[in-house]
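Student: Provided herewith: structure_31.pdb, PDB, N, CA and C atoms.
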MODEL        1
ATOM      1  N   MET K   1     -32.012  11.765 -28.798  1.00  0.00           N
ATOM      2  CA  MET K   1     -30.555  11.799 -28.825  1.00  0.00           C
ATOM      3  C   MET K   1     -30.053  12.901 -27.891  1.00  0.00           C
ATOM      4  N   GLU K   2     -29.022  12.590 -27.181  1.00  0.00           N
ATOM      5  CA  GLU K   2     -28.449  13.500 -26.192  1.00  0.00           C
ATOM      6  C   GLU K   2     -27.517  14.500 -26.874  1.00  0.00           C
ATOM      7  N   ASN K   3     -27.596  15.767 -26.458  1.00  0.00           N
ATOM      8  CA  ASN K   3     -26.682  16.724 -27.082  1.00  0.00           C
ATOM      9  C   ASN K   3     -25.313  16.700 -26.405  1.00  0.00           C
ATOM     10  N   LYS K   4     -24.313  17.235 -27.087  1.00  0.00           N
ATOM     11  CA  LYS K   4     -22.923  17.164 -26.636  1.00  0.00           C
ATOM     12  C   LYS K   4     -22.693  17.924 -25.331  1.00  0.00           C
ATOM     13  N   SER K   5     -23.307  19.074 -25.142  1.00  0.00           N
ATOM     14  CA  SER K   5     -23.079  19.857 -23.929  1.00  0.00           C
ATOM     15  C   SER K   5     -23.584  19.123 -22.689  1.00  0.00           C
ATOM     16  N   SER K   6     -24.654  18.394 -22.817  1.00  0.00           N
ATOM     17  CA  SER K   6     -25.170  17.606 -21.698  1.00  0.00           C
ATOM     18  C   SER K   6     -24.196  16.489 -21.336  1.00  0.00           C
ATOM     19  N   TRP K   7     -23.662  15.827 -22.327  1.00  0.00           N
ATOM     20  CA  TRP K   7     -22.690  14.757 -22.107  1.00  0.00           C
ATOM     21  C   TRP K   7     -21.428  15.311 -21.455  1.00  0.00           C
ATOM     22  N   TRP K   8     -20.957  16.447 -21.947  1.00  0.00           N
ATOM     23  CA  TRP K   8     -19.725  17.037 -21.424  1.00  0.00           C
ATOM     24  C   TRP K   8     -19.878  17.455 -19.975  1.00  0.00           C
ATOM     25  N   SER K   9     -21.005  17.997 -19.597  1.00  0.00           N
ATOM     26  CA  SER K   9     -21.176  18.451 -18.219  1.00  0.00           C
ATOM     27  C   SER K   9     -21.140  17.284 -17.240  1.00  0.00           C
ATOM     28  N   ARG K  10     -21.559  16.120 -17.638  1.00  0.00           N
ATOM     29  CA  ARG K  10     -21.487  14.948 -16.757  1.00  0.00           C
ATOM     30  C   ARG K  10     -20.091  14.354 -16.713  1.00  0.00           C
ATOM     31  N   LYS K  11     -19.288  14.562 -17.732  1.00  0.00           N
ATOM     32  CA  LYS K  11     -17.946  13.985 -17.811  1.00  0.00           C
ATOM     33  C   LYS K  11     -16.867  14.923 -17.295  1.00  0.00           C
ATOM     34  N   ARG K  12     -17.207  16.141 -16.987  1.00  0.00           N
ATOM     35  CA  ARG K  12     -16.218  17.125 -16.553  1.00  0.00           C
ATOM     36  C   ARG K  12     -15.566  16.694 -15.242  1.00  0.00           C
ATOM     37  N   ARG K  13     -14.278  16.856 -15.153  1.00  0.00           N
ATOM     38  CA  ARG K  13     -13.522  16.498 -13.958  1.00  0.00           C
ATOM     39  C   ARG K  13     -13.213  17.750 -13.141  1.00  0.00           C
ATOM     40  N   THR K  14     -13.052  17.580 -11.856  1.00  0.00           N
ATOM     41  CA  THR K  14     -12.640  18.695 -11.008  1.00  0.00           C
ATOM     42  C   THR K  14     -11.296  18.361 -10.382  1.00  0.00           C
ATOM     43  N   TRP K  15     -10.476  19.379 -10.200  1.00  0.00           N
ATOM     44  CA  TRP K  15      -9.159  19.204  -9.610  1.00  0.00           C
ATOM     45  C   TRP K  15      -9.278  19.020  -8.113  1.00  0.00           C
ATOM     46  N   ARG K  16      -8.373  18.255  -7.560  1.00  0.00           N
ATOM     47  CA  ARG K  16      -8.230  18.073  -6.115  1.00  0.00           C
ATOM     48  C   ARG K  16      -6.792  18.402  -5.752  1.00  0.00           C
ATOM     49  N   LYS K  17      -6.596  18.878  -4.525  1.00  0.00           N
ATOM     50  CA  LYS K  17      -5.248  19.169  -4.036  1.00  0.00           C
ATOM     51  C   LYS K  17      -4.919  18.207  -2.907  1.00  0.00           C
ATOM     52  N   LEU K  18      -3.682  17.746  -2.893  1.00  0.00           N
ATOM     53  CA  LEU K  18      -3.177  16.938  -1.797  1.00  0.00           C
ATOM     54  C   LEU K  18      -2.224  17.814  -1.001  1.00  0.00           C
ATOM     55  N   HIS K  19      -2.610  18.185   0.215  1.00  0.00           N
ATOM     56  CA  HIS K  19      -1.786  19.004   1.097  1.00  0.00           C
ATOM     57  C   HIS K  19      -0.988  18.063   1.994  1.00  0.00           C
ATOM     58  N   LEU K  20       0.316  18.279   2.060  1.00  0.00           N
ATOM     59  CA  LEU K  20       1.182  17.438   2.875  1.00  0.00           C
ATOM     60  C   LEU K  20       1.748  18.249   4.033  1.00  0.00           C
ATOM     61  N   GLY K  21       1.659  17.710   5.236  1.00  0.00           N
ATOM     62  CA  GLY K  21       2.312  18.296   6.401  1.00  0.00           C
ATOM     63  C   GLY K  21       3.602  17.550   6.641  1.00  0.00           C
ATOM     64  N   VAL K  22       4.741  18.261   6.544  1.00  0.00           N
ATOM     65  CA  VAL K  22       6.050  17.617   6.620  1.00  0.00           C
ATOM     66  C   VAL K  22       6.800  18.131   7.844  1.00  0.00           C
ATOM     67  N   ASN K  23       7.373  17.211   8.609  1.00  0.00           N
ATOM     68  CA  ASN K  23       8.248  17.566   9.720  1.00  0.00           C
ATOM     69  C   ASN K  23       9.569  18.011   9.113  1.00  0.00           C
ATOM     70  N   GLU K  24       9.924  19.281   9.288  1.00  0.00           N
ATOM     71  CA  GLU K  24      11.131  19.824   8.654  1.00  0.00           C
ATOM     72  C   GLU K  24      12.409  19.177   9.170  1.00  0.00           C
ATOM     73  N   ALA K  25      12.417  18.766  10.420  1.00  0.00           N
ATOM     74  CA  ALA K  25      13.623  18.178  11.006  1.00  0.00           C
ATOM     75  C   ALA K  25      13.930  16.799  10.414  1.00  0.00           C
ATOM     76  N   THR K  26      12.901  15.995  10.185  1.00  0.00           N
ATOM     77  CA  THR K  26      13.115  14.620   9.733  1.00  0.00           C
ATOM     78  C   THR K  26      12.746  14.401   8.269  1.00  0.00           C
ATOM     79  N   GLY K  27      11.965  15.314   7.688  1.00  0.00           N
ATOM     80  CA  GLY K  27      11.486  15.136   6.325  1.00  0.00           C
ATOM     81  C   GLY K  27      10.320  14.172   6.226  1.00  0.00           C
ATOM     82  N   GLU K  28       9.821  13.721   7.364  1.00  0.00           N
ATOM     83  CA  GLU K  28       8.719  12.765   7.409  1.00  0.00           C
ATOM     84  C   GLU K  28       7.382  13.457   7.136  1.00  0.00           C
ATOM     85  N   ILE K  29       6.549  12.846   6.314  1.00  0.00           N
ATOM     86  CA  ILE K  29       5.196  13.337   6.098  1.00  0.00           C
ATOM     87  C   ILE K  29       4.366  12.927   7.313  1.00  0.00           C
ATOM     88  N   VAL K  30       3.830  13.915   8.029  1.00  0.00           N
ATOM     89  CA  VAL K  30       3.114  13.622   9.266  1.00  0.00           C
ATOM     90  C   VAL K  30       1.602  13.714   9.119  1.00  0.00           C
ATOM     91  N   THR K  31       1.133  14.357   8.056  1.00  0.00           N
ATOM     92  CA  THR K  31      -0.308  14.413   7.812  1.00  0.00           C
ATOM     93  C   THR K  31      -0.582  14.708   6.351  1.00  0.00           C
ATOM     94  N   THR K  32      -1.749  14.309   5.889  1.00  0.00           N
ATOM     95  CA  THR K  32      -2.189  14.613   4.525  1.00  0.00           C
ATOM     96  C   THR K  32      -3.652  15.020   4.562  1.00  0.00           C
ATOM     97  N   VAL K  33      -4.008  15.928   3.683  1.00  0.00           N
ATOM     98  CA  VAL K  33      -5.389  16.383   3.551  1.00  0.00           C
ATOM     99  C   VAL K  33      -5.690  16.535   2.069  1.00  0.00           C
ATOM    100  N   VAL K  34      -6.823  16.018   1.622  1.00  0.00           N
ATOM    101  CA  VAL K  34      -7.278  16.215   0.245  1.00  0.00           C
ATOM    102  C   VAL K  34      -8.390  17.250   0.272  1.00  0.00           C
ATOM    103  N   SER K  35      -8.283  18.243  -0.610  1.00  0.00           N
ATOM    104  CA  SER K  35      -9.291  19.303  -0.650  1.00  0.00           C
ATOM    105  C   SER K  35      -9.627  19.638  -2.093  1.00  0.00           C
ATOM    106  N   THR K  36     -10.607  20.511  -2.260  1.00  0.00           N
ATOM    107  CA  THR K  36     -10.928  21.018  -3.589  1.00  0.00           C
ATOM    108  C   THR K  36      -9.884  22.044  -3.997  1.00  0.00           C
ATOM    109  N   ASN K  37      -9.918  22.443  -5.236  1.00  0.00           N
ATOM    110  CA  ASN K  37      -8.909  23.336  -5.801  1.00  0.00           C
ATOM    111  C   ASN K  37      -8.916  24.732  -5.180  1.00  0.00           C
ATOM    112  N   ASP K  38     -10.011  25.156  -4.582  1.00  0.00           N
ATOM    113  CA  ASP K  38     -10.115  26.520  -4.069  1.00  0.00           C
ATOM    114  C   ASP K  38      -9.631  26.682  -2.627  1.00  0.00           C
ATOM    115  N   VAL K  39      -9.047  25.661  -2.034  1.00  0.00           N
ATOM    116  CA  VAL K  39      -8.558  25.714  -0.656  1.00  0.00           C
ATOM    117  C   VAL K  39      -7.043  25.829  -0.680  1.00  0.00           C
ATOM    118  N   SER K  40      -6.507  26.809   0.069  1.00  0.00           N
ATOM    119  CA  SER K  40      -5.055  27.012   0.093  1.00  0.00           C
ATOM    120  C   SER K  40      -4.416  26.253   1.261  1.00  0.00           C
ATOM    121  N   ASP K  41      -3.094  26.141   1.217  1.00  0.00           N
ATOM    122  CA  ASP K  41      -2.365  25.439   2.275  1.00  0.00           C
ATOM    123  C   ASP K  41      -2.586  26.062   3.645  1.00  0.00           C
ATOM    124  N   ASP K  42      -2.554  27.389   3.720  1.00  0.00           N
ATOM    125  CA  ASP K  42      -2.721  28.023   5.025  1.00  0.00           C
ATOM    126  C   ASP K  42      -4.148  27.927   5.549  1.00  0.00           C
ATOM    127  N   GLN K  43      -5.113  27.624   4.723  1.00  0.00           N
ATOM    128  CA  GLN K  43      -6.458  27.350   5.209  1.00  0.00           C
ATOM    129  C   GLN K  43      -6.541  25.950   5.811  1.00  0.00           C
ATOM    130  N   VAL K  44      -5.707  25.040   5.333  1.00  0.00           N
ATOM    131  CA  VAL K  44      -5.722  23.657   5.816  1.00  0.00           C
ATOM    132  C   VAL K  44      -4.890  23.513   7.082  1.00  0.00           C
ATOM    133  N   PHE K  45      -3.701  24.094   7.085  1.00  0.00           N
ATOM    134  CA  PHE K  45      -2.782  23.953   8.210  1.00  0.00           C
ATOM    135  C   PHE K  45      -2.621  25.283   8.928  1.00  0.00           C
ATOM    136  N   CYS K  46      -2.562  25.232  10.230  1.00  0.00           N
ATOM    137  CA  CYS K  46      -2.334  26.453  11.010  1.00  0.00           C
ATOM    138  C   CYS K  46      -0.852  26.824  10.940  1.00  0.00           C
ATOM    139  N   LYS K  47      -0.517  28.002  11.383  1.00  0.00           N
ATOM    140  CA  LYS K  47       0.867  28.485  11.332  1.00  0.00           C
ATOM    141  C   LYS K  47       1.760  27.721  12.303  1.00  0.00           C
ATOM    142  N   ARG K  48       1.219  27.333  13.441  1.00  0.00           N
ATOM    143  CA  ARG K  48       1.975  26.611  14.464  1.00  0.00           C
ATOM    144  C   ARG K  48       2.018  25.126  14.119  1.00  0.00           C
ATOM    145  N   PRO K  49       3.180  24.493  14.238  1.00  0.00           N
ATOM    146  CA  PRO K  49       3.248  23.063  13.941  1.00  0.00           C
ATOM    147  C   PRO K  49       2.267  22.262  14.801  1.00  0.00           C
ATOM    148  N   PHE K  50       1.531  21.387  14.203  1.00  0.00           N
ATOM    149  CA  PHE K  50       0.476  20.653  14.894  1.00  0.00           C
ATOM    150  C   PHE K  50       0.976  19.420  15.603  1.00  0.00           C
ATOM    151  N   TRP K  51       2.236  19.020  15.390  1.00  0.00           N
ATOM    152  CA  TRP K  51       2.742  17.809  16.044  1.00  0.00           C
ATOM    153  C   TRP K  51       3.473  18.117  17.343  1.00  0.00           C
ATOM    154  N   GLU K  52       3.607  19.394  17.716  1.00  0.00           N
ATOM    155  CA  GLU K  52       4.259  19.740  18.972  1.00  0.00           C
ATOM    156  C   GLU K  52       3.288  19.711  20.126  1.00  0.00           C
TER     157      GLU K  52
ENDMDL
END
I need this file expressed as C-alpha cells, please.

Tutor:
Amino acid sequence: MENKSSWWSRKRRTWRKLHLGVNEATGEIVTTVVSTNDVSDDQVFCKRPFWE
C-alpha cells in the first residue's frame, strides 16, 4: 500500500506565470511568455520596448 506523502508529492502542482508584453499606445498584447513562479517580469522583458 502506498503512503499518503508519496501520493501527495506526485499530485503537487506548481505555479506558472503568464507575462504579457503590451503596447502602451494601442493596448494591444504584442507578446506572451509562460515561465515558472520564480521568474520576474524584468527578467523576461528588457527595459527597452522590443517592438521598436

Student: I need the residue set behind the PyMOL selection byres (((chain K and resi 19 and name CA) around 7) and name CA) for this file; please write it as a PyMOL selection string.

Tutor: chain K and resi 17-18+20-21+32-34+41

Student: In Å to one decimal, how far is atom CA of Trp15 of chain K from atom C of Thr36 of chain K?

Tutor: 6.3 Å

Student: Would you mind reading off the distance between atom N of Val39 of chain K and atom CA of Arg16 of chain K, one decimal, in Å?

Tutor: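 These atoms are spaced 8.7 Å apart.
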
Student: Looking only at strand (DSSP E or B) from DSSP on the backbone, list the matching residues of segment 18-47 of chain K as a short mmCIF file (atom, residue, chain, number, x, y, z; two decimals) with N, CA and C atoms, keeping the file's coordinate frame.

Tutor:
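Writing done, so here's part.cif:
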data_model
loop_
_atom_site.label_atom_id
_atom_site.label_comp_id
_atom_site.auth_asym_id
_atom_site.auth_seq_id
_atom_site.Cartn_x
_atom_site.Cartn_y
_atom_site.Cartn_z
N LEU K 18 -3.68 17.75 -2.89
CA LEU K 18 -3.18 16.94 -1.80
C LEU K 18 -2.22 17.81 -1.00
N HIS K 19 -2.61 18.18 0.22
CA HIS K 19 -1.79 19.00 1.10
C HIS K 19 -0.99 18.06 1.99
N LEU K 20 0.32 18.28 2.06
CA LEU K 20 1.18 17.44 2.88
C LEU K 20 1.75 18.25 4.03
N GLY K 21 1.66 17.71 5.24
CA GLY K 21 2.31 18.30 6.40
C GLY K 21 3.60 17.55 6.64
N VAL K 22 4.74 18.26 6.54
CA VAL K 22 6.05 17.62 6.62
C VAL K 22 6.80 18.13 7.84
N ILE K 29 6.55 12.85 6.31
CA ILE K 29 5.20 13.34 6.10
C ILE K 29 4.37 12.93 7.31
N VAL K 30 3.83 13.92 8.03
CA VAL K 30 3.11 13.62 9.27
C VAL K 30 1.60 13.71 9.12
N THR K 31 1.13 14.36 8.06
CA THR K 31 -0.31 14.41 7.81
C THR K 31 -0.58 14.71 6.35
N THR K 32 -1.75 14.31 5.89
CA THR K 32 -2.19 14.61 4.53
C THR K 32 -3.65 15.02 4.56
N VAL K 33 -4.01 15.93 3.68
CA VAL K 33 -5.39 16.38 3.55
C VAL K 33 -5.69 16.54 2.07
N VAL K 34 -6.82 16.02 1.62
CA VAL K 34 -7.28 16.22 0.24
C VAL K 34 -8.39 17.25 0.27
N SER K 35 -8.28 18.24 -0.61
CA SER K 35 -9.29 19.30 -0.65
C SER K 35 -9.63 19.64 -2.09
N THR K 36 -10.61 20.51 -2.26
CA THR K 36 -10.93 21.02 -3.59
C THR K 36 -9.88 22.04 -4.00
#

Student: As an exercise, work out the distance from atom C of Thr26 of chain K to atom C of Phe45 of chain K in Å and give it to one decimal place.

Tutor: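 Separation of atom C of Thr26 of chain K and atom C of Phe45 of chain K: 18.8 Å.
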